[in-house]
Amino acid sequence: MDSNRTLLQNNDPEIYDALIGEEARQAAGIELIPSENYTYPEVIAALGSVFTNKYSEGYPGRRYYGGQEYTDVIEEIARTRAKQIFRAEHVNVQPLSGAPMNVAVYMSMLQPGDTVLGMDLSHGGHLTHGAPVSHMGTLYNWIRYKTNPEAQGAIDFDALRKTAVENKPRMIVCGFSSYPRNLAYAQFKSIADEVGALTMADISHIGGLVAGGVLDNPCDFGFDFVTTTTHKSMRGPRGGMILCKAEFAKTIDKSVFPGLQGGPHMNNICGIAITMGKALKPDFKDYCEKVLTNAQALASDLTGGGAKLVTGGTSNHMMVVDCVQSFDFNGKVAEKALDEVSITCNKQIVPDDPNPPLRPSGIRLGTPAATTRGFGVAEMKKLSDWMLRTLANPQDKSVLAAVKAEVEELCSRFPVPGIER
Ligand code: DSN
């Protein structure tokens, strides 16, 4: 045990106990929330480092406070590596996380009332893509487009084009937090060019898979803005990045600071620099390929066992199970039953869900975290069997106890990176 931990244990045992409890929880169970992952031990070291002490308003070489010789080094490394990975003309690594990252783009380019196209929340879009409950949803005139779950989740680009031609949006946003298919960036870009709209792709969920070269990169399709969080498939610390064309570099930097944020979190930026370094190594591509292979395996095992997936399957790292259609109960019941067997997922609205968000029809699953842990196709088979057994008997305490024991036994053989045992 390191000395910082000993200090915490001695001086604040309540907090220390919660930390140990969370480590035990993460180690004992299978993490299937598609936006979660286990970051690198090196990143955990950076997050708990003295970079957290430093105020660094401004950008490398142009800061408002002194003492920046090392913060400049890490932020410059993070930016350079990210530009290389994504083939971007400019990168800002200061957004504190995903929502402020998207807000910084909107505030820099849009006027209140401007028309923007974004994917409907229930079809997989994010809150910041124009959901009425978000501030962004009320500030701009959002037109929300939908997917066709019956056509493998395809977007009707003829309808999207017609909407764009009729409404002349200032910006077209694509991207998602719950969509198990890939996006046709060329089609979005062509429609945007036709109507003179800016383009933004929020690749937060798939940022790592794009970095690893296993999914398309919207920067290669001439998108004006590409945003991504750093802690999902990328495996980094919590944070966000805005990639943009050189012509928008100054505007975006000013929008993040001083427009929206104060001091950047330099310990996180140090972690982002480390994460970008990892993503440049060849084994990161291997990891990304395994994430996709595991998702295919899990989707096929679950559907083989009778589960109904929204769009019928997956083309990326995630899938959405329609629990009402599959098991005749809602996603809240499913999430709770799986929690009881140490399998963590999240309840999820499905396209045009008739049920409310706290009792939605589905659950959302993803393979990035389990793959980080070393799970492969054989473990996906066990996992789907356990899930199907659990969801066939959600109230049966003896089934739940038996499955939980098997899950925890498997997990004991796959250590979580960064958790000492
Ligand atoms: N909360 C994230 C997710 O789970 O997808 C998006 O903000």
# chains A, B, ... in the order shown; residues from 1 in each chain; ligands from 1

call {"tool": "residues_near_ligand", "arguments": {"ligand": "ligand 1", "cutoff": "7 Å", "atoms": "only C-alpha atoms and all ligand atoms", "output": "PyMOL selection string"}}
result
chain A and resi 34-35+98+126+177-178+205

call {"tool": "residues_around", "arguments": {"residues": "range 324-331 of chain A", "least_positions_apart": "3", "cutoff": "8 Å", "atoms": "only C-alpha atoms", "output": "list in words"}}
result
Gly306, Ala307, Lys308, Val321, Ala334, Glu335, Asn346, Lys347, Gln348, Arg359, Pro360, Ser361, Gly362, Ile363, Leu391 and Ala392 of chain A

call {"tool": "atom_distance", "arguments": {"atom1": "CA of Asp120 in chain A", "atom2": "CA of Pro357 in chain A"}}
result
13.9 Å

call {"tool": "residues_around", "arguments": {"residues": "Glu75 in chain A", "least_positions_apart": "2", "cutoff": "9 Å", "atoms": "only C-alpha atoms", "output": "JSON, numbers by chain"}}
result
{"A": [59, 60, 70, 71, 72, 73, 77, 78, 79, 80, 93, 94, 266, 269, 270, 272, 273]}

call {"tool": "write_last_selection", "arguments": {"atoms": "N, CA, C and O atoms", "output": "compact mmCIF listing (two decimals), in the first residue's frame"}}
result
# COMPACT_ATOMS: atom_id res chain seq x y z
N TYR A 59 -3.42 28.83 -22.70
CA TYR A 59 -2.94 27.68 -23.48
C TYR A 59 -1.41 27.67 -23.45
O TYR A 59 -0.79 28.68 -23.07
N PRO A 60 -0.77 26.55 -23.81
CA PRO A 60 0.70 26.48 -23.73
C PRO A 60 1.36 27.71 -24.37
O PRO A 60 1.04 28.10 -25.49
N TYR A 70 5.95 22.83 -16.80
CA TYR A 70 5.62 21.40 -16.98
C TYR A 70 4.18 21.21 -17.46
O TYR A 70 3.90 20.27 -18.22
N THR A 71 3.28 22.10 -17.05
CA THR A 71 1.91 21.99 -17.58
C THR A 71 1.91 22.22 -19.09
O THR A 71 1.17 21.57 -19.82
N ASP A 72 2.74 23.18 -19.53
CA ASP A 72 2.84 23.40 -20.98
C ASP A 72 3.31 22.14 -21.69
O ASP A 72 2.81 21.79 -22.77
N VAL A 73 4.27 21.45 -21.08
CA VAL A 73 4.80 20.23 -21.71
C VAL A 73 3.67 19.20 -21.88
O VAL A 73 3.46 18.66 -22.97
N ILE A 77 1.98 17.89 -25.41
CA ILE A 77 2.07 16.47 -25.81
C ILE A 77 0.66 15.92 -26.09
O ILE A 77 0.43 15.23 -27.09
N ALA A 78 -0.28 16.24 -25.20
CA ALA A 78 -1.66 15.73 -25.40
C ALA A 78 -2.20 16.21 -26.74
O ALA A 78 -2.79 15.43 -27.51
N ARG A 79 -2.01 17.51 -27.05
CA ARG A 79 -2.55 18.06 -28.30
C ARG A 79 -1.88 17.43 -29.52
O ARG A 79 -2.54 17.07 -30.49
N THR A 80 -0.55 17.32 -29.46
CA THR A 80 0.19 16.80 -30.61
C THR A 80 -0.20 15.35 -30.89
O THR A 80 -0.43 14.96 -32.04
N VAL A 93 -7.83 20.23 -25.72
CA VAL A 93 -7.97 19.11 -24.76
C VAL A 93 -8.47 19.56 -23.40
O VAL A 93 -8.43 18.81 -22.44
N GLN A 94 -8.97 20.82 -23.32
CA GLN A 94 -9.34 21.34 -22.00
C GLN A 94 -10.78 21.09 -21.56
O GLN A 94 -11.06 21.24 -20.36
N MET A 266 -5.44 20.05 -14.93
CA MET A 266 -4.17 19.62 -15.52
C MET A 266 -3.82 18.17 -15.19
O MET A 266 -3.09 17.52 -15.94
N ILE A 269 -5.51 16.38 -17.89
CA ILE A 269 -4.83 16.58 -19.18
C ILE A 269 -3.55 15.74 -19.22
O ILE A 269 -3.21 15.17 -20.26
N CYS A 270 -2.90 15.60 -18.07
CA CYS A 270 -1.74 14.70 -18.01
C CYS A 270 -2.18 13.26 -18.34
O CYS A 270 -1.53 12.56 -19.11
N ILE A 272 -4.78 12.48 -20.15
CA ILE A 272 -5.14 12.43 -21.58
C ILE A 272 -3.88 12.25 -22.42
O ILE A 272 -3.86 11.47 -23.39
N ALA A 273 -2.80 12.95 -22.05
CA ALA A 273 -1.53 12.81 -22.81
C ALA A 273 -1.07 11.35 -22.77
O ALA A 273 -0.66 10.78 -23.80

call {"tool": "closest_residue", "arguments": {"among": "A:Ala104, A:Leu388, A:Val43, A:Val403", "to": "Cys323 in chain A", "atoms": "only C-alpha atoms"}}
result
A:Leu388

call {"tool": "decode", "arguments": {"residues": "range 356-398 of chain A", "atoms": "N, CA and C atoms", "output": "mmCIF file, in the first residue's frame"}}
result
data_model
loop_
_atom_site.group_PDB
_atom_site.id
_atom_site.type_symbol
_atom_site.label_atom_id
_atom_site.label_comp_id
_atom_site.auth_asym_id
_atom_site.auth_seq_id
_atom_site.Cartn_x
_atom_site.Cartn_y
_atom_site.Cartn_z
ATOM 1 N N PRO A 356 -41.638 5.586 -19.523
ATOM 2 C CA PRO A 356 -40.884 6.774 -19.086
ATOM 3 C C PRO A 356 -39.400 6.462 -18.848
ATOM 4 N N PRO A 357 -38.527 7.502 -18.855
ATOM 5 C CA PRO A 357 -37.073 7.283 -18.765
ATOM 6 C C PRO A 357 -36.614 6.517 -17.514
ATOM 7 N N LEU A 358 -37.339 6.608 -16.409
ATOM 8 C CA LEU A 358 -36.888 5.858 -15.224
ATOM 9 C C LEU A 358 -37.423 4.427 -15.196
ATOM 10 N N ARG A 359 -38.344 4.120 -16.115
ATOM 11 C CA ARG A 359 -38.813 2.726 -16.284
ATOM 12 C C ARG A 359 -38.874 2.415 -17.776
ATOM 13 N N PRO A 360 -37.739 2.575 -18.470
ATOM 14 C CA PRO A 360 -37.768 2.453 -19.936
ATOM 15 C C PRO A 360 -37.869 0.998 -20.364
ATOM 16 N N SER A 361 -37.988 0.790 -21.661
ATOM 17 C CA SER A 361 -38.222 -0.578 -22.153
ATOM 18 C C SER A 361 -36.949 -1.414 -22.249
ATOM 19 N N GLY A 362 -35.782 -0.769 -22.273
ATOM 20 C CA GLY A 362 -34.580 -1.545 -22.591
ATOM 21 C C GLY A 362 -33.453 -1.448 -21.593
ATOM 22 N N ILE A 363 -32.391 -2.165 -21.908
ATOM 23 C CA ILE A 363 -31.102 -1.999 -21.224
ATOM 24 C C ILE A 363 -30.033 -1.837 -22.305
ATOM 25 N N ARG A 364 -28.957 -1.130 -21.935
ATOM 26 C CA ARG A 364 -27.866 -0.870 -22.883
ATOM 27 C C ARG A 364 -26.626 -1.604 -22.391
ATOM 28 N N LEU A 365 -25.962 -2.312 -23.291
ATOM 29 C CA LEU A 365 -24.786 -3.120 -22.936
ATOM 30 C C LEU A 365 -23.623 -2.737 -23.847
ATOM 31 N N GLY A 366 -22.401 -2.887 -23.329
ATOM 32 C CA GLY A 366 -21.235 -2.617 -24.170
ATOM 33 C C GLY A 366 -20.037 -3.411 -23.692
ATOM 34 N N THR A 367 -19.088 -3.599 -24.602
ATOM 35 C CA THR A 367 -17.970 -4.502 -24.316
ATOM 36 C C THR A 367 -16.611 -3.846 -24.015
ATOM 37 N N PRO A 368 -16.472 -2.503 -24.044
ATOM 38 C CA PRO A 368 -15.127 -1.953 -23.812
ATOM 39 C C PRO A 368 -14.504 -2.361 -22.471
ATOM 40 N N ALA A 369 -15.251 -2.274 -21.376
ATOM 41 C CA ALA A 369 -14.649 -2.552 -20.062
ATOM 42 C C ALA A 369 -14.308 -4.034 -19.921
ATOM 43 N N ALA A 370 -15.222 -4.904 -20.293
ATOM 44 C CA ALA A 370 -14.955 -6.347 -20.160
ATOM 45 C C ALA A 370 -13.763 -6.755 -21.013
ATOM 46 N N THR A 371 -13.619 -6.117 -22.184
ATOM 47 C CA THR A 371 -12.483 -6.434 -23.064
ATOM 48 C C THR A 371 -11.173 -5.960 -22.444
ATOM 49 N N THR A 372 -11.201 -4.790 -21.827
ATOM 50 C CA THR A 372 -10.003 -4.297 -21.131
ATOM 51 C C THR A 372 -9.546 -5.312 -20.099
ATOM 52 N N ARG A 373 -10.506 -5.942 -19.471
ATOM 53 C CA ARG A 373 -10.198 -6.899 -18.416
ATOM 54 C C ARG A 373 -9.615 -8.204 -18.942
ATOM 55 N N GLY A 374 -9.756 -8.412 -20.245
ATOM 56 C CA GLY A 374 -9.208 -9.633 -20.834
ATOM 57 C C GLY A 374 -10.258 -10.631 -21.272
ATOM 58 N N PHE A 375 -11.534 -10.279 -21.128
ATOM 59 C CA PHE A 375 -12.582 -11.204 -21.577
ATOM 60 C C PHE A 375 -12.529 -11.349 -23.098
ATOM 61 N N GLY A 376 -12.789 -12.580 -23.562
ATOM 62 C CA GLY A 376 -12.867 -12.851 -24.993
ATOM 63 C C GLY A 376 -14.197 -13.505 -25.318
ATOM 64 N N VAL A 377 -14.239 -14.127 -26.480
ATOM 65 C CA VAL A 377 -15.492 -14.704 -26.972
ATOM 66 C C VAL A 377 -16.027 -15.799 -26.032
ATOM 67 N N ALA A 378 -15.132 -16.585 -25.437
ATOM 68 C CA ALA A 378 -15.584 -17.647 -24.518
ATOM 69 C C ALA A 378 -16.279 -17.040 -23.300
ATOM 70 N N GLU A 379 -15.733 -15.935 -22.809
ATOM 71 C CA GLU A 379 -16.364 -15.280 -21.644
ATOM 72 C C GLU A 379 -17.693 -14.624 -22.042
ATOM 73 N N MET A 380 -17.778 -14.147 -23.307
ATOM 74 C CA MET A 380 -19.047 -13.557 -23.767
ATOM 75 C C MET A 380 -20.156 -14.614 -23.752
ATOM 76 N N LYS A 381 -19.796 -15.838 -24.099
ATOM 77 C CA LYS A 381 -20.794 -16.917 -24.104
ATOM 78 C C LYS A 381 -21.303 -17.162 -22.677
ATOM 79 N N LYS A 382 -20.348 -17.241 -21.737
ATOM 80 C CA LYS A 382 -20.765 -17.431 -20.334
ATOM 81 C C LYS A 382 -21.640 -16.268 -19.883
ATOM 82 N N LEU A 383 -21.210 -15.075 -20.248
ATOM 83 C CA LEU A 383 -21.934 -13.874 -19.842
ATOM 84 C C LEU A 383 -23.373 -13.888 -20.365
ATOM 85 N N SER A 384 -23.533 -14.228 -21.636
ATOM 86 C CA SER A 384 -24.894 -14.218 -22.180
ATOM 87 C C SER A 384 -25.745 -15.306 -21.511
ATOM 88 N N ASP A 385 -25.129 -16.470 -21.223
ATOM 89 C CA ASP A 385 -25.890 -17.523 -20.520
ATOM 90 C C ASP A 385 -26.344 -17.026 -19.147
ATOM 91 N N TRP A 386 -25.433 -16.370 -18.431
ATOM 92 C CA TRP A 386 -25.799 -15.856 -17.107
ATOM 93 C C TRP A 386 -26.901 -14.801 -17.208
ATOM 94 N N MET A 387 -26.767 -13.930 -18.212
ATOM 95 C CA MET A 387 -27.786 -12.874 -18.350
ATOM 96 C C MET A 387 -29.150 -13.474 -18.674
ATOM 97 N N LEU A 388 -29.151 -14.446 -19.588
ATOM 98 C CA LEU A 388 -30.439 -15.042 -19.981
ATOM 99 C C LEU A 388 -31.062 -15.821 -18.824
ATOM 100 N N ARG A 389 -30.208 -16.533 -18.046
ATOM 101 C CA ARG A 389 -30.734 -17.256 -16.870
ATOM 102 C C ARG A 389 -31.335 -16.277 -15.870
ATOM 103 N N THR A 390 -30.615 -15.184 -15.651
ATOM 104 C CA THR A 390 -31.074 -14.173 -14.683
ATOM 105 C C THR A 390 -32.384 -13.543 -15.147
ATOM 106 N N LEU A 391 -32.439 -13.175 -16.427
ATOM 107 C CA LEU A 391 -33.608 -12.443 -16.911
ATOM 108 C C LEU A 391 -34.813 -13.364 -17.124
ATOM 109 N N ALA A 392 -34.545 -14.671 -17.184
ATOM 110 C CA ALA A 392 -35.676 -15.619 -17.226
ATOM 111 C C ALA A 392 -36.245 -15.853 -15.826
ATOM 112 N N ASN A 393 -35.438 -15.532 -14.802
ATOM 113 C CA ASN A 393 -35.866 -15.809 -13.415
ATOM 114 C C ASN A 393 -35.527 -14.632 -12.500
ATOM 115 N N PRO A 394 -35.999 -13.425 -12.822
ATOM 116 C CA PRO A 394 -35.497 -12.237 -12.099
ATOM 117 C C PRO A 394 -35.864 -12.203 -10.614
ATOM 118 N N GLN A 395 -36.856 -13.009 -10.210
ATOM 119 C CA GLN A 395 -37.268 -12.989 -8.790
ATOM 120 C C GLN A 395 -36.777 -14.218 -8.034
ATOM 121 N N ASP A 396 -36.122 -15.132 -8.718
ATOM 122 C CA ASP A 396 -35.766 -16.414 -8.086
ATOM 123 C C ASP A 396 -34.422 -16.293 -7.362
ATOM 124 N N LYS A 397 -34.496 -16.171 -6.032
ATOM 125 C CA LYS A 397 -33.288 -15.890 -5.234
ATOM 126 C C LYS A 397 -32.226 -16.973 -5.399
ATOM 127 N N SER A 398 -32.649 -18.223 -5.546
ATOM 128 C CA SER A 398 -31.630 -19.285 -5.641
ATOM 129 C C SER A 398 -30.902 -19.211 -6.987
#
